[in-house]
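For reference, start_39.pdb (PDB, N, CA and C atoms and all ligand atoms):
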ATOM      1  N   MET I   1      61.774 -25.487 203.967  1.00  0.00           N
ATOM      2  CA  MET I   1      62.624 -24.571 203.214  1.00  0.00           C
ATOM      3  C   MET I   1      62.296 -23.125 203.585  1.00  0.00           C
ATOM      4  N   ALA I   2      63.283 -22.390 203.973  1.00  0.00           N
ATOM      5  CA  ALA I   2      63.068 -21.059 204.517  1.00  0.00           C
ATOM      6  C   ALA I   2      62.596 -20.068 203.459  1.00  0.00           C
ATOM      7  N   ASP I   3      63.018 -20.254 202.208  1.00  0.00           N
ATOM      8  CA  ASP I   3      62.687 -19.255 201.182  1.00  0.00           C
ATOM      9  C   ASP I   3      61.477 -19.662 200.344  1.00  0.00           C
ATOM     10  N   ALA I   4      60.681 -20.600 200.832  1.00  0.00           N
ATOM     11  CA  ALA I   4      59.503 -21.034 200.088  1.00  0.00           C
ATOM     12  C   ALA I   4      58.476 -19.912 200.017  1.00  0.00           C
ATOM     13  N   ARG I   5      57.861 -19.777 198.846  1.00  0.00           N
ATOM     14  CA  ARG I   5      56.875 -18.716 198.646  1.00  0.00           C
ATOM     15  C   ARG I   5      55.921 -19.137 197.527  1.00  0.00           C
ATOM     16  N   PRO I   6      54.758 -18.482 197.432  1.00  0.00           N
ATOM     17  CA  PRO I   6      53.846 -18.780 196.327  1.00  0.00           C
ATOM     18  C   PRO I   6      54.482 -18.383 195.000  1.00  0.00           C
ATOM     19  N   VAL I   7      54.153 -19.100 193.943  1.00  0.00           N
ATOM     20  CA  VAL I   7      54.723 -18.853 192.626  1.00  0.00           C
ATOM     21  C   VAL I   7      53.591 -18.740 191.609  1.00  0.00           C
ATOM     22  N   THR I   8      53.738 -17.791 190.697  1.00  0.00           N
ATOM     23  CA  THR I   8      52.763 -17.650 189.619  1.00  0.00           C
ATOM     24  C   THR I   8      53.410 -18.044 188.306  1.00  0.00           C
ATOM     25  N   VAL I   9      52.748 -18.919 187.539  1.00  0.00           N
ATOM     26  CA  VAL I   9      53.245 -19.336 186.230  1.00  0.00           C
ATOM     27  C   VAL I   9      52.146 -19.092 185.209  1.00  0.00           C
ATOM     28  N   ALA I  10      52.502 -18.362 184.154  1.00  0.00           N
ATOM     29  CA  ALA I  10      51.540 -18.056 183.085  1.00  0.00           C
ATOM     30  C   ALA I  10      50.283 -17.407 183.654  1.00  0.00           C
ATOM     31  N   GLY I  11      50.475 -16.572 184.658  1.00  0.00           N
ATOM     32  CA  GLY I  11      49.362 -15.821 185.220  1.00  0.00           C
ATOM     33  C   GLY I  11      48.508 -16.579 186.219  1.00  0.00           C
ATOM     34  N   LYS I  12      48.903 -17.807 186.506  1.00  0.00           N
ATOM     35  CA  LYS I  12      48.120 -18.598 187.445  1.00  0.00           C
ATOM     36  C   LYS I  12      48.994 -19.073 188.589  1.00  0.00           C
ATOM     37  N   PRO I  13      48.424 -19.154 189.779  1.00  0.00           N
ATOM     38  CA  PRO I  13      49.211 -19.649 190.909  1.00  0.00           C
ATOM     39  C   PRO I  13      49.583 -21.108 190.712  1.00  0.00           C
ATOM     40  N   LEU I  14      50.853 -21.393 190.923  1.00  0.00           N
ATOM     41  CA  LEU I  14      51.330 -22.770 190.763  1.00  0.00           C
ATOM     42  C   LEU I  14      50.986 -23.581 192.000  1.00  0.00           C
ATOM     43  N   SER I  15      50.448 -24.785 191.775  1.00  0.00           N
ATOM     44  CA  SER I  15      50.302 -25.718 192.882  1.00  0.00           C
ATOM     45  C   SER I  15      51.003 -27.012 192.498  1.00  0.00           C
ATOM     46  N   CYS I  16      51.590 -27.642 193.460  1.00  0.00           N
ATOM     47  CA  CYS I  16      52.386 -28.845 193.223  1.00  0.00           C
ATOM     48  C   CYS I  16      51.543 -29.923 192.541  1.00  0.00           C
ATOM     49  N   VAL I  17      52.085 -30.515 191.491  1.00  0.00           N
ATOM     50  CA  VAL I  17      51.339 -31.538 190.758  1.00  0.00           C
ATOM     51  C   VAL I  17      51.218 -32.833 191.567  1.00  0.00           C
ATOM     52  N   VAL I  18      52.036 -32.978 192.589  1.00  0.00           N
ATOM     53  CA  VAL I  18      52.018 -34.203 193.378  1.00  0.00           C
ATOM     54  C   VAL I  18      51.108 -34.049 194.599  1.00  0.00           C
ATOM     55  N   CYS I  19      51.361 -32.992 195.386  1.00  0.00           N
ATOM     56  CA  CYS I  19      50.643 -32.882 196.667  1.00  0.00           C
ATOM     57  C   CYS I  19      49.706 -31.682 196.740  1.00  0.00           C
ATOM     58  N   GLY I  20      49.780 -30.787 195.738  1.00  0.00           N
ATOM     59  CA  GLY I  20      48.875 -29.649 195.720  1.00  0.00           C
ATOM     60  C   GLY I  20      49.314 -28.476 196.573  1.00  0.00           C
ATOM     61  N   HIS I  21      50.500 -28.567 197.185  1.00  0.00           N
ATOM     62  CA  HIS I  21      51.011 -27.479 198.010  1.00  0.00           C
ATOM     63  C   HIS I  21      51.288 -26.252 197.153  1.00  0.00           C
ATOM     64  N   ASP I  22      51.295 -25.059 197.776  1.00  0.00           N
ATOM     65  CA  ASP I  22      51.419 -23.836 196.979  1.00  0.00           C
ATOM     66  C   ASP I  22      52.626 -22.975 197.358  1.00  0.00           C
ATOM     67  N   ARG I  23      53.599 -23.579 198.005  1.00  0.00           N
ATOM     68  CA  ARG I  23      54.807 -22.817 198.335  1.00  0.00           C
ATOM     69  C   ARG I  23      56.025 -23.555 197.789  1.00  0.00           C
ATOM     70  N   PHE I  24      56.911 -22.772 197.186  1.00  0.00           N
ATOM     71  CA  PHE I  24      58.037 -23.359 196.472  1.00  0.00           C
ATOM     72  C   PHE I  24      59.315 -22.585 196.748  1.00  0.00           C
ATOM     73  N   ALA I  25      60.416 -23.294 196.759  1.00  0.00           N
ATOM     74  CA  ALA I  25      61.730 -22.670 196.771  1.00  0.00           C
ATOM     75  C   ALA I  25      62.183 -22.545 195.325  1.00  0.00           C
ATOM     76  N   GLU I  26      62.741 -21.377 194.973  1.00  0.00           N
ATOM     77  CA  GLU I  26      63.126 -21.128 193.590  1.00  0.00           C
ATOM     78  C   GLU I  26      64.620 -21.344 193.405  1.00  0.00           C
ATOM     79  N   ARG I  27      64.964 -22.055 192.335  1.00  0.00           N
ATOM     80  CA  ARG I  27      66.370 -22.249 191.967  1.00  0.00           C
ATOM     81  C   ARG I  27      66.499 -22.055 190.473  1.00  0.00           C
ATOM     82  N   LYS I  28      67.675 -21.630 190.053  1.00  0.00           N
ATOM     83  CA  LYS I  28      67.956 -21.574 188.632  1.00  0.00           C
ATOM     84  C   LYS I  28      68.948 -22.673 188.285  1.00  0.00           C
ATOM     85  N   ALA I  29      68.745 -23.303 187.141  1.00  0.00           N
ATOM     86  CA  ALA I  29      69.644 -24.376 186.745  1.00  0.00           C
ATOM     87  C   ALA I  29      70.043 -24.204 185.288  1.00  0.00           C
ATOM     88  N   GLN I  30      71.334 -24.326 185.031  1.00  0.00           N
ATOM     89  CA  GLN I  30      71.825 -24.347 183.661  1.00  0.00           C
ATOM     90  C   GLN I  30      71.728 -25.787 183.182  1.00  0.00           C
ATOM     91  N   LEU I  31      71.022 -25.979 182.091  1.00  0.00           N
ATOM     92  CA  LEU I  31      70.899 -27.345 181.586  1.00  0.00           C
ATOM     93  C   LEU I  31      72.220 -27.778 180.974  1.00  0.00           C
ATOM     94  N   ASN I  32      72.592 -29.014 181.249  1.00  0.00           N
ATOM     95  CA  ASN I  32      73.854 -29.479 180.679  1.00  0.00           C
ATOM     96  C   ASN I  32      73.675 -29.853 179.212  1.00  0.00           C
ATOM     97  N   THR I  33      74.778 -30.065 178.538  1.00  0.00           N
ATOM     98  CA  THR I  33      74.758 -30.271 177.091  1.00  0.00           C
ATOM     99  C   THR I  33      73.939 -31.497 176.703  1.00  0.00           C
ATOM    100  N   ARG I  34      74.075 -32.534 177.478  1.00  0.00           N
ATOM    101  CA  ARG I  34      73.364 -33.773 177.155  1.00  0.00           C
ATOM    102  C   ARG I  34      71.853 -33.554 177.218  1.00  0.00           C
ATOM    103  N   LEU I  35      71.406 -32.863 178.241  1.00  0.00           N
ATOM    104  CA  LEU I  35      69.983 -32.586 178.374  1.00  0.00           C
ATOM    105  C   LEU I  35      69.528 -31.624 177.276  1.00  0.00           C
ATOM    106  N   ALA I  36      70.359 -30.626 176.964  1.00  0.00           N
ATOM    107  CA  ALA I  36      70.028 -29.679 175.902  1.00  0.00           C
ATOM    108  C   ALA I  36      69.875 -30.415 174.576  1.00  0.00           C
ATOM    109  N   THR I  37      70.745 -31.373 174.328  1.00  0.00           N
ATOM    110  CA  THR I  37      70.667 -32.159 173.095  1.00  0.00           C
ATOM    111  C   THR I  37      69.382 -32.978 173.066  1.00  0.00           C
ATOM    112  N   LEU I  38      69.037 -33.537 174.212  1.00  0.00           N
ATOM    113  CA  LEU I  38      67.828 -34.339 174.325  1.00  0.00           C
ATOM    114  C   LEU I  38      66.601 -33.524 173.934  1.00  0.00           C
ATOM    115  N   PHE I  39      66.578 -32.265 174.352  1.00  0.00           N
ATOM    116  CA  PHE I  39      65.434 -31.409 174.067  1.00  0.00           C
ATOM    117  C   PHE I  39      65.631 -30.580 172.800  1.00  0.00           C
ATOM    118  N   ASP I  40      66.709 -30.853 172.046  1.00  0.00           N
ATOM    119  CA  ASP I  40      66.967 -30.157 170.796  1.00  0.00           C
ATOM    120  C   ASP I  40      67.175 -28.651 171.011  1.00  0.00           C
ATOM    121  N   PHE I  41      67.854 -28.318 172.077  1.00  0.00           N
ATOM    122  CA  PHE I  41      68.130 -26.912 172.372  1.00  0.00           C
ATOM    123  C   PHE I  41      69.617 -26.603 172.227  1.00  0.00           C
ATOM    124  N   ASP I  42      70.292 -27.303 171.354  1.00  0.00           N
ATOM    125  CA  ASP I  42      71.720 -27.088 171.164  1.00  0.00           C
ATOM    126  C   ASP I  42      72.049 -25.648 170.774  1.00  0.00           C
ATOM    127  N   TRP I  43      71.109 -25.013 170.102  1.00  0.00           N
ATOM    128  CA  TRP I  43      71.357 -23.690 169.545  1.00  0.00           C
ATOM    129  C   TRP I  43      71.198 -22.575 170.581  1.00  0.00           C
ATOM    130  N   VAL I  44      70.766 -22.919 171.743  1.00  0.00           N
ATOM    131  CA  VAL I  44      70.706 -21.906 172.805  1.00  0.00           C
ATOM    132  C   VAL I  44      71.496 -22.420 173.998  1.00  0.00           C
ATOM    133  N   ASN I  45      71.532 -21.639 175.022  1.00  0.00           N
ATOM    134  CA  ASN I  45      72.174 -22.071 176.255  1.00  0.00           C
ATOM    135  C   ASN I  45      71.098 -22.036 177.325  1.00  0.00           C
ATOM    136  N   PRO I  46      70.253 -23.041 177.333  1.00  0.00           N
ATOM    137  CA  PRO I  46      69.013 -22.948 178.105  1.00  0.00           C
ATOM    138  C   PRO I  46      69.225 -22.882 179.614  1.00  0.00           C
ATOM    139  N   GLN I  47      68.438 -22.036 180.210  1.00  0.00           N
ATOM    140  CA  GLN I  47      68.435 -21.965 181.658  1.00  0.00           C
ATOM    141  C   GLN I  47      67.034 -22.292 182.128  1.00  0.00           C
ATOM    142  N   ALA I  48      66.944 -23.107 183.124  1.00  0.00           N
ATOM    143  CA  ALA I  48      65.641 -23.515 183.631  1.00  0.00           C
ATOM    144  C   ALA I  48      65.374 -22.848 184.969  1.00  0.00           C
ATOM    145  N   GLU I  49      64.104 -22.499 185.176  1.00  0.00           N
ATOM    146  CA  GLU I  49      63.640 -22.082 186.493  1.00  0.00           C
ATOM    147  C   GLU I  49      63.099 -23.322 187.179  1.00  0.00           C
ATOM    148  N   CYS I  50      63.562 -23.549 188.380  1.00  0.00           N
ATOM    149  CA  CYS I  50      63.099 -24.717 189.121  1.00  0.00           C
ATOM    150  C   CYS I  50      62.341 -24.253 190.364  1.00  0.00           C
ATOM    151  N   TYR I  51      61.145 -24.765 190.518  1.00  0.00           N
ATOM    152  CA  TYR I  51      60.361 -24.488 191.713  1.00  0.00           C
ATOM    153  C   TYR I  51      60.195 -25.787 192.479  1.00  0.00           C
ATOM    154  N   ILE I  52      60.758 -25.803 193.659  1.00  0.00           N
ATOM    155  CA  ILE I  52      60.783 -27.037 194.445  1.00  0.00           C
ATOM    156  C   ILE I  52      59.704 -26.960 195.516  1.00  0.00           C
ATOM    157  N   CYS I  53      58.789 -27.889 195.460  1.00  0.00           N
ATOM    158  CA  CYS I  53      57.701 -27.928 196.438  1.00  0.00           C
ATOM    159  C   CYS I  53      58.278 -28.047 197.850  1.00  0.00           C
ATOM    160  N   SER I  54      57.859 -27.133 198.729  1.00  0.00           N
ATOM    161  CA  SER I  54      58.414 -27.156 200.079  1.00  0.00           C
ATOM    162  C   SER I  54      57.790 -28.252 200.936  1.00  0.00           C
ATOM    163  N   HIS I  55      56.742 -28.878 200.421  1.00  0.00           N
ATOM    164  CA  HIS I  55      56.083 -29.948 201.185  1.00  0.00           C
ATOM    165  C   HIS I  55      56.628 -31.323 200.807  1.00  0.00           C
ATOM    166  N   CYS I  56      56.634 -31.638 199.505  1.00  0.00           N
ATOM    167  CA  CYS I  56      57.043 -32.990 199.100  1.00  0.00           C
ATOM    168  C   CYS I  56      58.379 -33.013 198.352  1.00  0.00           C
ATOM    169  N   GLY I  57      58.874 -31.847 197.943  1.00  0.00           N
ATOM    170  CA  GLY I  57      60.184 -31.794 197.300  1.00  0.00           C
ATOM    171  C   GLY I  57      60.161 -31.999 195.798  1.00  0.00           C
ATOM    172  N   TYR I  58      58.989 -32.140 195.221  1.00  0.00           N
ATOM    173  CA  TYR I  58      58.918 -32.318 193.769  1.00  0.00           C
ATOM    174  C   TYR I  58      59.436 -31.065 193.069  1.00  0.00           C
ATOM    175  N   VAL I  59      60.253 -31.268 192.030  1.00  0.00           N
ATOM    176  CA  VAL I  59      60.844 -30.144 191.308  1.00  0.00           C
ATOM    177  C   VAL I  59      60.061 -29.869 190.021  1.00  0.00           C
ATOM    178  N   HIS I  60      59.549 -28.670 189.900  1.00  0.00           N
ATOM    179  CA  HIS I  60      58.838 -28.250 188.696  1.00  0.00           C
ATOM    180  C   HIS I  60      59.807 -27.437 187.845  1.00  0.00           C
ATOM    181  N   TRP I  61      60.028 -27.899 186.620  1.00  0.00           N
ATOM    182  CA  TRP I  61      61.011 -27.250 185.743  1.00  0.00           C
ATOM    183  C   TRP I  61      60.288 -26.393 184.702  1.00  0.00           C
ATOM    184  N   PHE I  62      60.850 -25.209 184.459  1.00  0.00           N
ATOM    185  CA  PHE I  62      60.303 -24.360 183.400  1.00  0.00           C
ATOM    186  C   PHE I  62      61.454 -23.801 182.579  1.00  0.00           C
ATOM    187  N   LEU I  63      61.348 -23.946 181.278  1.00  0.00           N
ATOM    188  CA  LEU I  63      62.322 -23.343 180.371  1.00  0.00           C
ATOM    189  C   LEU I  63      61.783 -21.995 179.938  1.00  0.00           C
ATOM    190  N   LYS I  64      62.602 -20.985 180.137  1.00  0.00           N
ATOM    191  CA  LYS I  64      62.154 -19.639 179.774  1.00  0.00           C
ATOM    192  C   LYS I  64      62.642 -19.298 178.374  1.00  0.00           C
TER     193      LYS I  64
HETATM  194 ZN    ZN K   1      54.440 -31.190 196.599  1.00  0.00          ZN
END
So that I can check it, write out the structure of this file as structure tokens.
Amino acid sequence: MADARPVTVAGKPLSCVVCGHDRFAERKAQLNTRLATLFDFDWVNPQAECYICSHCGYVHWFLK
């Protein structure tokens, strides 16, 4: 992935939970209604930050 870069979450460098890699491609995702309902976020319009490991492809989701 060309836009992979190190990511910091909560003041700490993120490393992939699967392979330990430290470079990620960043994407933003609007959670759909069904998923929002699942997480009891009906009252907001949640947007997730997604960091995709450039080595193994695992997607790390963060709700801001
Ligand atoms: Zn990985």
Just how far from atom N of Gln30 in chain I is atom N of Leu14 in chain I, in Å to one decimal?
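Taking atom N of Leu14 in chain I as the start and atom N of Gln30 in chain I as the end point, the length is 21.5 Å.
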Expressed in Å to a single decimal, how great is the separation between CA of Val18 in chain I and CA of Tyr58 in chain I?
7.2 Å
Distance in Å - atom ZN of ligand ZN 1 (chain K) versus CA of Tyr51 in chain I
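A separation of 10.2 Å between them.
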Please give me, as an mmCIF file with N, CA and C atoms, in the coordinates of the input, the residues lying within 6 Å of ligand ZN 1 (chain K) when counting all atoms listed in the file.
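Saved as selection_10.cif:
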data_model
loop_
_atom_site.group_PDB
_atom_site.id
_atom_site.type_symbol
_atom_site.label_atom_id
_atom_site.label_comp_id
_atom_site.auth_asym_id
_atom_site.auth_seq_id
_atom_site.Cartn_x
_atom_site.Cartn_y
_atom_site.Cartn_z
ATOM 1 N N CYS I 16 51.590 -27.642 193.460
ATOM 2 C CA CYS I 16 52.386 -28.845 193.223
ATOM 3 C C CYS I 16 51.543 -29.923 192.541
ATOM 4 N N VAL I 17 52.085 -30.515 191.491
ATOM 5 C CA VAL I 17 51.339 -31.538 190.758
ATOM 6 C C VAL I 17 51.218 -32.833 191.567
ATOM 7 N N VAL I 18 52.036 -32.978 192.589
ATOM 8 C CA VAL I 18 52.018 -34.203 193.378
ATOM 9 C C VAL I 18 51.108 -34.049 194.599
ATOM 10 N N CYS I 19 51.361 -32.992 195.386
ATOM 11 C CA CYS I 19 50.643 -32.882 196.667
ATOM 12 C C CYS I 19 49.706 -31.682 196.740
ATOM 13 N N GLY I 20 49.780 -30.787 195.738
ATOM 14 C CA GLY I 20 48.875 -29.649 195.720
ATOM 15 C C GLY I 20 49.314 -28.476 196.573
ATOM 16 N N HIS I 21 50.500 -28.567 197.185
ATOM 17 C CA HIS I 21 51.011 -27.479 198.010
ATOM 18 C C HIS I 21 51.288 -26.252 197.153
ATOM 19 N N CYS I 53 58.789 -27.889 195.460
ATOM 20 C CA CYS I 53 57.701 -27.928 196.438
ATOM 21 C C CYS I 53 58.278 -28.047 197.850
ATOM 22 N N SER I 54 57.859 -27.133 198.729
ATOM 23 C CA SER I 54 58.414 -27.156 200.079
ATOM 24 C C SER I 54 57.790 -28.252 200.936
ATOM 25 N N HIS I 55 56.742 -28.878 200.421
ATOM 26 C CA HIS I 55 56.083 -29.948 201.185
ATOM 27 C C HIS I 55 56.628 -31.323 200.807
ATOM 28 N N CYS I 56 56.634 -31.638 199.505
ATOM 29 C CA CYS I 56 57.043 -32.990 199.100
ATOM 30 C C CYS I 56 58.379 -33.013 198.352
ATOM 31 N N GLY I 57 58.874 -31.847 197.943
ATOM 32 C CA GLY I 57 60.184 -31.794 197.300
ATOM 33 C C GLY I 57 60.161 -31.999 195.798
ATOM 34 N N TYR I 58 58.989 -32.140 195.221
ATOM 35 C CA TYR I 58 58.918 -32.318 193.769
ATOM 36 C C TYR I 58 59.436 -31.065 193.069
#
Pick out the residues sitting within 7 Å of range 61-63 of chain I, and hand them over as a ChimeraX atom specification; count only N, CA and C atoms, and ignore anything fewer than 4 positions along from it in its own chain.
/I:46-51
Residues matched by the PyMOL selection byres (((chain I and resi 4) around 7) and not hetatm), written as a ChimeraX atom specification:
/I:1-3,5-6,23-26,54
